[in-house]
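Text of data04.txt, listed as compact mmCIF, C-alpha atoms and all ligand atoms:
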# COMPACT_ATOMS: atom_id res chain seq x y z
CA MET S 30 80.50 115.90 62.39
CA LYS S 31 79.45 119.42 63.40
CA LEU S 32 77.43 119.70 66.60
CA LEU S 33 75.56 122.52 68.29
CA LEU S 34 74.61 121.93 71.90
CA THR S 35 71.92 124.37 72.98
CA HIS S 36 70.10 125.38 76.20
CA ILE S 37 72.82 123.83 78.37
CA LYS S 38 71.64 124.33 81.96
CA GLU S 39 75.28 124.80 83.06
CA LEU S 40 78.52 124.39 81.12
CA LEU S 41 81.33 123.46 83.53
CA GLN S 42 85.05 124.14 83.49
CA VAL S 43 84.81 127.01 80.98
CA ARG S 44 88.22 128.62 80.63
CA ASP S 45 89.26 130.96 77.82
CA ASN S 46 92.88 130.53 78.90
CA ALA S 47 93.12 127.25 80.74
CA PRO S 48 95.94 126.88 83.27
CA ALA S 49 98.12 123.77 83.03
CA LYS S 50 97.12 122.76 86.55
CA LEU S 51 95.33 124.02 89.64
CA SER S 52 96.80 124.06 93.15
CA GLY S 53 95.57 124.67 96.68
CA ALA S 54 92.72 127.19 96.99
CA GLU S 55 92.45 127.53 93.17
CA MET S 56 91.00 124.04 93.13
CA ASN S 57 87.82 125.20 94.84
CA HIS S 58 86.89 127.42 91.92
CA LEU S 59 85.03 125.87 89.00
CA PRO S 60 84.14 128.45 86.32
CA THR S 61 80.78 127.81 84.66
CA LEU S 62 78.42 129.35 82.15
CA LYS S 63 74.66 129.03 82.76
CA ASN S 64 72.13 128.72 79.91
CA ALA S 65 74.86 128.14 77.35
CA TRP S 66 75.52 126.86 73.84
CA LEU S 67 78.58 125.02 72.54
CA LEU S 68 79.78 124.41 69.00
CA VAL S 69 81.85 121.37 68.02
CA LYS S 70 83.66 121.26 64.70
CA ASP S 71 86.35 118.93 63.33
CA GLY S 72 86.50 117.09 66.64
CA LYS S 73 87.36 120.28 68.53
CA ILE S 74 85.56 122.80 70.73
CA PHE S 75 84.92 125.57 68.22
CA ASP S 76 83.07 128.13 70.31
CA TYR S 77 80.68 128.59 73.22
CA GLY S 78 78.60 131.32 74.76
CA SER S 79 75.38 132.35 76.44
CA MET S 80 71.96 131.53 74.91
CA THR S 81 71.17 135.23 75.03
CA LYS S 82 73.60 135.58 72.08
CA MET S 83 73.22 132.57 69.81
CA PRO S 84 75.45 132.39 66.72
CA GLU S 85 74.14 131.89 63.17
CA THR S 86 74.96 128.29 62.25
CA LYS S 87 74.38 126.10 59.23
CA GLY S 88 75.01 122.39 58.85
CA PHE S 89 75.37 121.68 62.57
CA LYS S 90 73.42 118.84 64.20
CA THR S 91 71.57 120.42 67.14
CA ILE S 92 71.40 118.69 70.51
CA ASP S 93 68.96 120.21 73.01
CA CYS S 94 70.56 120.10 76.48
CA LYS S 95 67.66 121.61 78.45
CA GLY S 96 68.02 120.80 82.15
CA LYS S 97 71.35 119.06 81.47
CA ILE S 98 74.87 119.85 82.52
CA VAL S 99 77.81 119.63 80.11
CA LEU S 100 81.39 119.16 81.30
CA PRO S 101 84.72 118.03 79.89
CA ALA S 102 85.10 114.26 79.79
CA TRP S 103 87.10 112.75 82.65
CA CYS S 104 90.89 112.49 82.38
CA ASP S 105 91.97 109.24 84.05
CA SER S 106 95.72 109.54 84.51
CA HIS S 107 96.40 106.15 86.14
CA SER S 108 95.13 102.81 84.90
CA HIS S 109 96.21 99.24 84.25
CA LEU S 110 93.30 98.61 81.89
CA VAL S 111 95.17 96.07 79.75
CA TYR S 112 95.14 92.81 81.71
CA ALA S 113 94.10 89.19 81.32
CA GLY S 114 91.41 87.37 83.29
CA ASN S 115 90.55 88.56 86.78
CA ARG S 116 91.46 87.95 90.43
CA GLU S 117 88.05 87.12 91.89
CA GLN S 118 89.54 84.36 94.02
CA GLU S 119 91.80 86.84 95.82
CA PHE S 120 88.78 89.06 96.42
CA VAL S 121 87.17 86.19 98.31
CA ASP S 122 90.44 85.45 100.15
CA ARG S 123 90.49 89.05 101.36
CA ILE S 124 86.88 88.84 102.51
CA LYS S 125 87.98 85.80 104.52
CA GLY S 126 90.69 87.86 106.22
CA LEU S 127 93.90 87.74 104.19
CA SER S 128 95.58 91.07 103.47
CA TYR S 129 96.70 92.29 100.03
CA GLN S 130 100.33 91.74 101.11
CA GLU S 131 99.64 88.23 102.48
CA ILE S 132 98.01 87.26 99.18
CA ALA S 133 101.03 88.56 97.26
CA GLU S 134 103.39 86.59 99.54
CA LYS S 135 101.42 83.40 98.72
CA GLY S 136 102.16 83.90 95.00
CA GLY S 137 98.96 85.78 94.27
CA GLY S 138 98.82 89.43 93.32
CA ILE S 139 100.67 90.96 90.40
CA VAL S 140 102.68 87.82 89.54
CA ASN S 141 99.43 85.85 89.35
CA SER S 142 98.09 88.34 86.76
CA ALA S 143 101.42 88.17 84.93
CA LYS S 144 101.22 84.38 84.64
CA LYS S 145 97.76 84.69 83.08
CA LEU S 146 98.81 87.46 80.73
CA GLN S 147 101.90 85.60 79.51
CA GLN S 148 99.63 82.72 78.46
CA THR S 149 97.10 85.00 76.73
CA SER S 150 97.41 85.77 73.02
CA GLU S 151 97.72 89.39 71.94
CA ASP S 152 94.34 89.19 70.20
CA SER S 153 92.56 87.86 73.24
CA LEU S 154 94.24 90.49 75.43
CA TYR S 155 93.11 93.15 72.98
CA LYS S 156 89.49 91.91 73.06
CA GLN S 157 89.37 91.70 76.86
CA SER S 158 90.85 95.19 77.19
CA ALA S 159 88.70 96.75 74.45
CA LYS S 160 85.58 95.70 76.35
CA ARG S 161 86.79 97.59 79.43
CA LEU S 162 87.83 100.59 77.35
CA GLU S 163 84.39 100.79 75.73
CA GLU S 164 82.83 100.69 79.19
CA VAL S 165 84.93 103.56 80.56
CA MET S 166 84.20 105.64 77.47
CA ARG S 167 80.48 105.19 78.09
CA LEU S 168 81.14 106.27 81.70
CA GLY S 169 82.57 109.56 80.48
CA THR S 170 86.33 109.03 80.31
CA GLY S 171 87.84 110.88 77.37
CA ALA S 172 91.57 110.39 78.02
CA ILE S 173 93.28 107.57 79.85
CA GLU S 174 96.77 106.46 80.75
CA ILE S 175 97.46 102.74 80.43
CA LYS S 176 100.42 100.98 82.04
CA SER S 177 102.22 97.76 81.25
CA GLY S 178 103.41 95.79 84.28
CA TYR S 179 101.43 92.55 84.10
CA GLY S 180 103.89 91.02 81.63
CA LEU S 181 107.14 90.92 83.63
CA THR S 182 108.98 89.34 80.67
CA THR S 183 110.23 91.40 77.76
CA GLU S 184 107.84 89.68 75.37
CA ALA S 185 104.78 90.08 77.58
CA GLU S 186 105.55 93.69 78.54
CA LEU S 187 105.84 94.59 74.85
CA LYS S 188 102.63 92.66 74.14
CA MET S 189 100.75 94.80 76.68
CA LEU S 190 102.06 98.04 75.21
CA HIS S 191 101.27 96.89 71.67
CA VAL S 192 97.70 96.20 72.78
CA ALA S 193 97.45 99.69 74.34
CA LYS S 194 98.76 101.21 71.09
CA ARG S 195 96.25 99.24 69.03
CA LEU S 196 93.45 100.47 71.30
CA ALA S 197 94.67 104.04 70.80
CA GLU S 198 94.54 103.61 67.02
CA HIS S 199 91.10 102.08 67.06
CA TYR S 200 89.11 104.19 69.54
CA PRO S 201 88.36 107.95 69.73
CA ILE S 202 89.56 108.12 73.36
CA THR S 203 93.05 109.60 73.91
CA ILE S 204 95.49 107.04 75.32
CA LYS S 205 98.93 107.66 76.87
CA THR S 206 101.13 104.67 77.66
CA THR S 207 103.52 103.95 80.51
CA PHE S 208 106.17 101.24 80.83
CA LEU S 209 105.87 99.58 84.27
CA GLY S 210 108.28 96.65 83.98
CA ALA S 211 109.17 97.26 87.65
CA HIS S 212 105.71 96.36 88.94
CA ALA S 213 106.74 93.20 90.84
CA ILE S 214 109.65 90.80 90.99
CA PRO S 215 108.80 87.82 88.76
CA THR S 216 108.95 84.36 90.36
CA GLU S 217 111.99 83.36 88.25
CA PHE S 218 113.92 86.29 89.77
CA LYS S 219 112.63 85.82 93.33
CA ASN S 220 116.15 85.51 94.71
CA ASN S 221 117.80 87.66 92.09
CA LYS S 222 116.12 91.06 92.04
CA ASP S 223 119.22 92.68 90.55
CA GLY S 224 119.00 90.24 87.65
CA TYR S 225 115.49 91.49 86.94
CA LEU S 226 116.62 95.12 87.22
CA ASP S 227 119.36 94.29 84.68
CA LEU S 228 116.71 92.84 82.36
CA ILE S 229 114.58 95.98 82.69
CA CYS S 230 117.52 98.30 82.08
CA ASN S 231 119.40 96.36 79.41
CA GLU S 232 116.58 94.80 77.42
CA MET S 233 113.09 96.09 78.19
CA LEU S 234 113.77 99.83 78.33
CA PRO S 235 115.77 99.93 75.06
CA LYS S 236 113.06 97.94 73.23
CA VAL S 237 110.19 100.04 74.60
CA ALA S 238 112.05 103.18 73.54
CA GLU S 239 113.10 101.85 70.14
CA GLN S 240 109.54 100.83 69.29
CA GLN S 241 108.18 104.09 70.77
CA LEU S 242 105.72 102.21 72.90
CA ALA S 243 105.57 104.51 75.93
CA SER S 244 105.84 108.16 76.97
CA TYR S 245 106.29 107.40 80.67
CA VAL S 246 108.10 105.04 83.01
CA ASP S 247 106.69 103.75 86.27
CA VAL S 248 108.05 101.80 89.27
CA PHE S 249 106.16 100.28 92.19
CA CYS S 250 108.34 101.82 94.91
CA GLU S 251 107.26 99.86 97.98
CA GLU S 252 108.55 97.46 100.63
CA GLY S 253 108.67 93.96 99.13
CA TYR S 254 108.70 95.38 95.59
CA PHE S 255 111.27 97.99 94.49
CA SER S 256 113.36 100.01 96.93
CA VAL S 257 114.19 103.69 96.63
CA SER S 258 117.60 102.84 95.17
CA ASP S 259 116.05 100.34 92.68
CA THR S 260 113.64 103.12 91.69
CA GLU S 261 116.50 105.56 91.24
CA ARG S 262 118.38 103.11 89.04
CA ILE S 263 115.37 102.65 86.74
CA LEU S 264 114.46 106.33 86.59
CA SER S 265 118.00 107.40 85.77
CA GLU S 266 118.26 104.70 83.06
CA ALA S 267 114.84 105.68 81.65
CA LYS S 268 115.94 109.31 81.46
CA LYS S 269 118.40 108.33 78.71
CA TYR S 270 115.38 107.41 76.58
CA ASN S 271 113.40 110.53 77.54
CA LEU S 272 110.84 108.47 79.43
CA ILE S 273 109.28 110.71 82.08
CA PRO S 274 108.50 109.15 85.49
CA LYS S 275 104.98 108.61 86.84
CA ILE S 276 105.48 106.40 89.85
CA HIS S 277 103.59 104.25 92.37
CA VAL S 278 104.64 105.47 95.81
CA ASN S 279 103.45 105.43 99.44
CA GLN S 280 100.65 102.92 98.93
CA PHE S 281 101.47 101.02 102.13
CA ASN S 282 104.71 102.57 103.44
CA ALA S 283 106.44 105.92 103.14
CA ILE S 284 110.00 104.95 102.21
CA GLY S 285 111.22 108.12 100.52
CA GLY S 286 109.87 107.48 97.03
CA VAL S 287 108.09 110.83 96.77
CA ALA S 288 111.35 112.79 97.09
CA ILE S 289 112.99 110.53 94.48
CA GLY S 290 110.07 111.14 92.14
CA VAL S 291 110.46 114.89 92.58
CA LYS S 292 114.25 114.61 92.13
CA TYR S 293 113.72 112.89 88.77
CA LYS S 294 111.05 115.43 87.78
CA ALA S 295 108.21 112.91 87.84
CA LEU S 296 105.07 114.14 86.11
CA SER S 297 103.09 112.49 88.89
CA VAL S 298 103.46 110.51 92.11
CA ASP S 299 100.51 108.21 92.57
CA HIS S 300 98.73 106.47 95.52
CA LEU S 301 100.06 108.40 98.58
CA GLU S 302 97.71 106.65 100.97
CA VAL S 303 100.49 107.02 103.56
CA LEU S 304 101.93 110.50 103.38
CA THR S 305 104.43 112.16 105.72
CA ASP S 306 105.13 115.85 106.26
CA ASP S 307 108.50 115.29 104.57
CA ASP S 308 106.68 114.00 101.47
CA ILE S 309 104.49 117.11 101.40
CA ALA S 310 107.59 119.29 101.83
CA ALA S 311 109.28 117.46 98.94
CA LEU S 312 106.30 118.15 96.66
CA LYS S 313 106.15 121.87 97.46
CA GLY S 314 107.57 124.01 94.68
CA SER S 315 107.82 121.02 92.32
CA GLU S 316 106.03 120.42 89.02
CA THR S 317 105.01 116.91 90.16
CA MET S 318 101.28 116.17 90.44
CA PRO S 319 100.14 114.11 93.45
CA VAL S 320 97.50 111.60 92.28
CA ALA S 321 94.92 109.96 94.56
CA LEU S 322 93.19 106.69 93.71
CA PRO S 323 90.20 106.48 96.06
CA SER S 324 88.61 103.41 94.45
CA CYS S 325 91.72 101.45 95.40
CA SER S 326 91.37 102.52 99.05
CA TYR S 327 87.69 101.57 98.90
CA PHE S 328 88.32 98.12 97.42
CA LEU S 329 91.30 97.21 99.63
CA SER S 330 89.96 98.93 102.77
CA ILE S 331 93.20 100.86 103.19
CA PRO S 332 93.46 104.54 104.19
CA TYR S 333 92.37 107.20 101.72
CA THR S 334 95.02 109.57 100.40
CA PRO S 335 94.86 112.69 102.61
CA GLY S 336 93.56 114.83 99.75
CA ARG S 337 92.21 117.51 102.06
CA LYS S 338 95.65 117.93 103.65
CA ILE S 339 97.36 117.94 100.25
CA ILE S 340 95.13 120.72 98.91
CA ASP S 341 95.21 122.67 102.18
CA SER S 342 99.02 122.58 101.93
CA GLY S 343 98.72 124.53 98.69
CA LEU S 344 99.51 121.55 96.46
CA PRO S 345 97.62 120.37 93.38
CA LEU S 346 95.79 117.02 93.35
CA ALA S 347 94.54 114.77 90.55
CA LEU S 348 92.10 111.88 90.82
CA ALA S 349 92.33 108.66 88.81
CA THR S 350 90.87 105.15 88.87
CA ASP S 351 93.86 102.75 89.06
CA TYR S 352 91.65 100.30 87.08
CA ASN S 353 93.35 96.91 87.55
CA PRO S 354 92.38 93.32 88.42
CA GLY S 355 93.93 93.23 91.92
CA SER S 356 93.31 96.42 93.84
CA THR S 357 90.67 98.28 91.77
CA PRO S 358 88.53 96.29 89.36
CA SER S 359 86.61 99.44 88.38
CA GLY S 360 87.31 102.14 85.83
CA ASN S 361 84.43 104.37 86.85
CA MET S 362 85.63 107.97 87.23
CA ASN S 363 82.16 109.04 88.44
CA PHE S 364 82.61 106.79 91.45
CA VAL S 365 86.12 108.20 91.97
CA VAL S 366 84.78 111.76 92.02
CA SER S 367 82.01 110.83 94.49
CA THR S 368 84.36 108.89 96.73
CA ALA S 369 86.86 111.76 96.79
CA CYS S 370 84.09 114.02 98.11
CA ILE S 371 82.61 111.49 100.52
CA LYS S 372 85.79 109.97 101.94
CA MET S 373 88.52 112.53 101.29
CA ARG S 374 86.41 115.63 101.98
CA LEU S 375 87.02 117.29 98.64
CA THR S 376 84.36 119.76 97.56
CA PRO S 377 82.54 118.95 94.28
CA GLU S 378 84.52 121.80 92.64
CA GLU S 379 87.84 120.39 93.85
CA ALA S 380 86.96 116.85 92.79
CA ILE S 381 85.82 117.92 89.30
CA ASN S 382 88.99 120.01 88.84
CA ALA S 383 91.10 117.07 90.05
CA ALA S 384 89.44 114.70 87.57
CA THR S 385 89.64 117.03 84.56
CA ILE S 386 92.31 119.78 84.39
CA ASN S 387 94.70 118.15 86.87
CA GLY S 388 94.12 114.68 85.39
CA ALA S 389 95.03 116.06 81.98
CA TYR S 390 98.22 117.55 83.45
CA ALA S 391 99.19 114.16 84.91
CA MET S 392 99.11 112.72 81.38
CA GLY S 393 100.87 115.61 79.65
CA LEU S 394 97.59 116.64 78.01
CA SER S 395 97.06 120.11 79.46
CA GLU S 396 97.16 121.77 76.06
CA THR S 397 94.38 119.66 74.58
CA HIS S 398 92.18 118.18 77.31
CA GLY S 399 90.53 118.85 80.66
CA SER S 400 88.56 122.05 80.06
CA ILE S 401 86.01 123.77 77.84
CA THR S 402 88.45 125.91 75.91
CA LYS S 403 88.35 126.86 72.22
CA GLY S 404 90.58 124.54 70.20
CA LYS S 405 90.69 121.75 72.79
CA VAL S 406 89.51 118.27 71.85
CA ALA S 407 85.71 118.00 71.96
CA ASN S 408 85.51 115.41 74.75
CA LEU S 409 82.27 116.07 76.57
CA ILE S 410 79.87 114.57 79.07
CA VAL S 411 76.20 115.53 78.74
CA THR S 412 74.29 114.58 81.89
CA LYS S 413 70.66 113.59 82.23
CA PRO S 414 68.52 116.40 83.66
CA ILE S 415 69.90 116.92 87.21
CA PRO S 416 69.41 119.70 89.78
CA SER S 417 73.05 120.89 89.90
CA TYR S 418 76.62 119.73 89.32
CA GLY S 419 77.02 118.97 93.03
CA TYR S 420 74.38 116.30 92.48
CA LEU S 421 76.92 114.27 90.45
CA PRO S 422 79.14 113.33 93.43
CA TYR S 423 76.25 113.53 95.91
CA SER S 424 74.02 110.98 94.23
CA PHE S 425 76.74 108.33 94.14
CA GLY S 426 76.33 105.00 92.41
CA SER S 427 73.73 106.21 89.90
CA ASN S 428 74.60 106.84 86.28
CA HIS S 429 73.74 110.45 85.49
CA ILE S 430 75.32 110.40 82.04
CA GLU S 431 73.06 110.71 79.03
CA MET S 432 75.62 111.18 76.30
CA VAL S 433 79.37 111.10 75.85
CA ILE S 434 81.05 112.89 72.95
CA LEU S 435 84.69 112.01 72.20
CA ASN S 436 86.69 113.73 69.50
CA GLY S 437 83.41 115.32 68.44
CA LYS S 438 81.72 111.92 67.96
CA GLU S 439 78.82 110.58 69.96
CA ILE S 440 79.63 107.37 71.87
CA LYS S 441 76.82 104.80 71.96
CA GLN S 442 75.44 104.38 75.48
N1 LIG O 1 100.16 98.79 93.60
C1 LIG O 1 100.57 98.44 92.55
N2 LIG O 1 99.86 98.20 91.45
C2 LIG O 1 98.45 98.19 91.34
C3 LIG O 1 97.82 96.94 91.83
C4 LIG O 1 98.36 95.77 91.20
C5 LIG O 1 97.64 94.51 91.47
O1 LIG O 1 97.27 94.18 92.61
O2 LIG O 1 97.45 93.80 90.48
C6 LIG O 1 97.89 99.40 92.04
O3 LIG O 1 98.26 100.50 91.65
O4 LIG O 1 97.09 99.28 92.97
ZN ZN O 2 98.37 101.45 89.83
Write out the structure in this file as structure tokens.
Amino acid sequence: MKLLLTHIKELLQVRDNAPAKLSGAEMNHLPTLKNAWLLVKDGKIFDYGSMTKMPETKGFKTIDCKGKIVLPAWCDSHSHLVYAGNREQEFVDRIKGLSYQEIAEKGGGIVNSAKKLQQTSEDSLYKQSAKRLEEVMRLGTGAIEIKSGYGLTTEAELKMLHVAKRLAEHYPITIKTTFLGAHAIPTEFKNNKDGYLDLICNEMLPKVAEQQLASYVDVFCEEGYFSVSDTERILSEAKKYNLIPKIHVNQFNAIGGVAIGVKYKALSVDHLEVLTDDDIAALKGSETMPVALPSCSYFLSIPYTPGRKIIDSGLPLALATDYNPGSTPSGNMNFVVSTACIKMRLTPEEAINAATINGAYAMGLSETHGSITKGKVANLIVTKPIPSYGYLPYSFGSNHIEMVILNGKEIKQ
């Protein structure tokens, strides 16, 4: 399909030579082109320019974008979109006063989702997950990372990753997969955490690698889950299989996981709701992307990642959803961008950069996603007529998307 988008009120994130990531003050700059056109060919961004100099085109379907803004589709670098059932009951328990940790101690939480997923067939898991994937595509997400971690047995972890792979084959959205066997200690290993670590290292990791089911490895490095030394053991074992770390750290406690992530050259360290000056120092000069998940803070009523402080320290920042049944039952990147502005004091420019270019970086997709650059994948959001791009985060909770184009194909709204 060949497309010509004309009369675009403002084309956002236009970069002839896109950087891999943006840090510190660079994040406040969002290059745009007003009154623009954009050509899409063979699923890629072919060319773009100002309406004052329109190219001669034949055989392109024209889409009039008068009054509308066009931007690269969102890059959601942290999700647990493949899961079974839901955890509505725990939601009510939290409303009644129990904390996320208290629910987990009662046998709820991640192990509860794992129990459900183990009893769910691969086909049913696929159908449940496909429904969520279709929804996030309609909401403008063009690339997404999906983790395992609700299986907690070799069979169920592989089942999750197979489902993610099937989704990747079937849908035009780009999907990157992460092995998160170390998400929680399964009930059977309650008093034998080392036994579970042995299972991860000796059985799960080799199978995931052999079947090429993941690019990344993740660990929930947190009190009551996996310690810094557990994390180190898994990351060093995963390195043998070229699995790059993207880890859950500092959600509730700062226990030194950020420095370990940096030491093992993690592509990203995610959550960071509790962040110390030592953590910031560890990130400085590294290639590791800090990732904030504001919808999780919103849903659990926990602190927001100090995004303002991270950027003001000269570091980069990416934004992602954390879509999962326990802490963030939402995959809406538009809400994430709004919440980052409203609660973390990011400017609209910083939030859009964090959810596009920097999100792409946190999935190893800098070369192909995250900006309007010739040759990149044609993943685009076309808004309804709106006054300005700042209106997107400002007018939170409303859907301003008129059309989503992924791989050059229009996604049904
Ligand atoms: N914190 C660890 N993992 C998920 C939540 C898991 C769950 O509660 O099911 C997260 O990123 O928030
Ligand atoms: Zn997560």
How close does each residue of chain S get to ligand LIG 1 (chain O), giving the shortest atom pair and distance in Å to one decimal for every residue with an atom at most 6 Å away, counting all atoms listed in the file, sorted by chain and residue number, as JSON lines?
{"residue": "S:Gly138", "atom": "CA", "partner": "O:LIG1", "partner_atom": "O1", "distance": 5.0}
{"residue": "S:Ile139", "atom": "CA", "partner": "O:LIG1", "partner_atom": "O2", "distance": 4.3}
{"residue": "S:Phe249", "atom": "CA", "partner": "O:LIG1", "partner_atom": "C1", "distance": 5.9}
{"residue": "S:Asp351", "atom": "CA", "partner": "O:LIG1", "partner_atom": "O3", "distance": 5.6}
{"residue": "S:Asn353", "atom": "CA", "partner": "O:LIG1", "partner_atom": "O2", "distance": 5.9}
{"residue": "S:Pro354", "atom": "CA", "partner": "O:LIG1", "partner_atom": "O2", "distance": 5.5}
{"residue": "S:Gly355", "atom": "CA", "partner": "O:LIG1", "partner_atom": "O1", "distance": 3.5}
{"residue": "S:Ser356", "atom": "CA", "partner": "O:LIG1", "partner_atom": "O1", "distance": 4.7}
Per residue of chain S within 7 Å of ligand ZN 2 (chain O), record the nearest atom pair and its distance in Å to one decimal, counting all atoms listed in the file, with rows in chain order and ascending residue number, as CSV.
residue,atom,partner,partner_atom,distance
S:His107,CA,O:ZN2,ZN,6.3
S:Ser108,CA,O:ZN2,ZN,6.1
S:His109,CA,O:ZN2,ZN,6.4
S:His277,CA,O:ZN2,ZN,6.4
S:Asp351,CA,O:ZN2,ZN,4.8
Counting only C-alpha atoms, select every polymer residue within 6 Å of (90.9, 113.3, 88.5) as defined in the file's coordinates, and provide the selection as a PyMOL selection string.
chain S and resi 347-349+383-385+388
Report, in Å with one decimal, the straight-line distance from atom CA of Cys250 of chain S to atom CA of Glu316 of chain S.
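Answer for the atom CA of Cys250 of chain S to atom CA of Glu316 of chain S separation: 19.6 Å.
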Would you list the residues near (79.2, 114.9, 74.4) (no more than 9 Å away, in the coordinates of the file, using all atoms listed in the file) as a PDB file with C-alpha atoms, in the frame of the given file?
ATOM      1  CA  LEU S  34      74.610 121.930  71.900  1.00  0.00           C
ATOM      2  CA  VAL S  99      77.810 119.630  80.110  1.00  0.00           C
ATOM      3  CA  LEU S 100      81.390 119.160  81.300  1.00  0.00           C
ATOM      4  CA  PRO S 101      84.720 118.030  79.890  1.00  0.00           C
ATOM      5  CA  ALA S 102      85.100 114.260  79.790  1.00  0.00           C
ATOM      6  CA  GLY S 169      82.570 109.560  80.480  1.00  0.00           C
ATOM      7  CA  ALA S 407      85.710 118.000  71.960  1.00  0.00           C
ATOM      8  CA  ASN S 408      85.510 115.410  74.750  1.00  0.00           C
ATOM      9  CA  LEU S 409      82.270 116.070  76.570  1.00  0.00           C
ATOM     10  CA  ILE S 410      79.870 114.570  79.070  1.00  0.00           C
ATOM     11  CA  VAL S 411      76.200 115.530  78.740  1.00  0.00           C
ATOM     12  CA  THR S 412      74.290 114.580  81.890  1.00  0.00           C
ATOM     13  CA  GLU S 431      73.060 110.710  79.030  1.00  0.00           C
ATOM     14  CA  MET S 432      75.620 111.180  76.300  1.00  0.00           C
ATOM     15  CA  VAL S 433      79.370 111.100  75.850  1.00  0.00           C
ATOM     16  CA  ILE S 434      81.050 112.890  72.950  1.00  0.00           C
ATOM     17  CA  LEU S 435      84.690 112.010  72.200  1.00  0.00           C
ATOM     18  CA  GLY S 437      83.410 115.320  68.440  1.00  0.00           C
ATOM     19  CA  LYS S 438      81.720 111.920  67.960  1.00  0.00           C
ATOM     20  CA  GLU S 439      78.820 110.580  69.960  1.00  0.00           C
ATOM     21  CA  ILE S 440      79.630 107.370  71.870  1.00  0.00           C
TER      22      ILE S 440
END
Which of these residues is nearest to Ser106 of chain S, using all atoms listed in the file: S:Ser395, S:Ser367, S:Ser256, S:Ser142?
S:Ser395
As an exercise, work out the distance from atom CA of Gly137 of chain S to atom CA of Tyr225 of chain S in Å and give it to one decimal place.
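Result for atom CA of Gly137 of chain S versus atom CA of Tyr225 of chain S: 19.0 Å, one decimal.
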Export segment 284-312 of chain S of the preceding structure, keeping C-alpha atoms, as a PDB file, in the first residue's frame.
ATOM      1  CA  ILE S 284      18.768  -2.360  47.083  1.00  0.00           C
ATOM      2  CA  GLY S 285      21.576  -1.793  44.598  1.00  0.00           C
ATOM      3  CA  GLY S 286      19.946  -3.314  41.525  1.00  0.00           C
ATOM      4  CA  VAL S 287      20.547  -0.279  39.325  1.00  0.00           C
ATOM      5  CA  ALA S 288      24.336  -0.568  39.654  1.00  0.00           C
ATOM      6  CA  ILE S 289      24.138  -4.297  38.890  1.00  0.00           C
ATOM      7  CA  GLY S 290      22.072  -3.553  35.801  1.00  0.00           C
ATOM      8  CA  VAL S 291      24.675  -1.046  34.638  1.00  0.00           C
ATOM      9  CA  LYS S 292      27.495  -3.500  35.443  1.00  0.00           C
ATOM     10  CA  TYR S 293      25.870  -6.113  33.190  1.00  0.00           C
ATOM     11  CA  LYS S 294      25.240  -3.508  30.468  1.00  0.00           C
ATOM     12  CA  ALA S 295      21.456  -3.619  30.828  1.00  0.00           C
ATOM     13  CA  LEU S 296      19.626  -2.015  27.927  1.00  0.00           C
ATOM     14  CA  SER S 297      17.192  -0.593  30.459  1.00  0.00           C
ATOM     15  CA  VAL S 298      16.447  -0.427  34.183  1.00  0.00           C
ATOM     16  CA  ASP S 299      12.728  -0.122  34.753  1.00  0.00           C
ATOM     17  CA  HIS S 300      10.411   1.217  37.530  1.00  0.00           C
ATOM     18  CA  LEU S 301      12.785   3.375  39.663  1.00  0.00           C
ATOM     19  CA  GLU S 302       9.973   4.733  41.810  1.00  0.00           C
ATOM     20  CA  VAL S 303      12.536   4.831  44.639  1.00  0.00           C
ATOM     21  CA  LEU S 304      15.779   6.272  43.356  1.00  0.00           C
ATOM     22  CA  THR S 305      18.889   7.243  45.322  1.00  0.00           C
ATOM     23  CA  ASP S 306      21.707   9.598  44.356  1.00  0.00           C
ATOM     24  CA  ASP S 307      23.961   6.520  44.119  1.00  0.00           C
ATOM     25  CA  ASP S 308      21.580   5.033  41.530  1.00  0.00           C
ATOM     26  CA  ILE S 309      21.725   8.236  39.483  1.00  0.00           C
ATOM     27  CA  ALA S 310      25.527   8.238  39.761  1.00  0.00           C
ATOM     28  CA  ALA S 311      25.612   4.607  38.580  1.00  0.00           C
ATOM     29  CA  LEU S 312      23.550   5.478  35.494  1.00  0.00           C
TER      30      LEU S 312
END
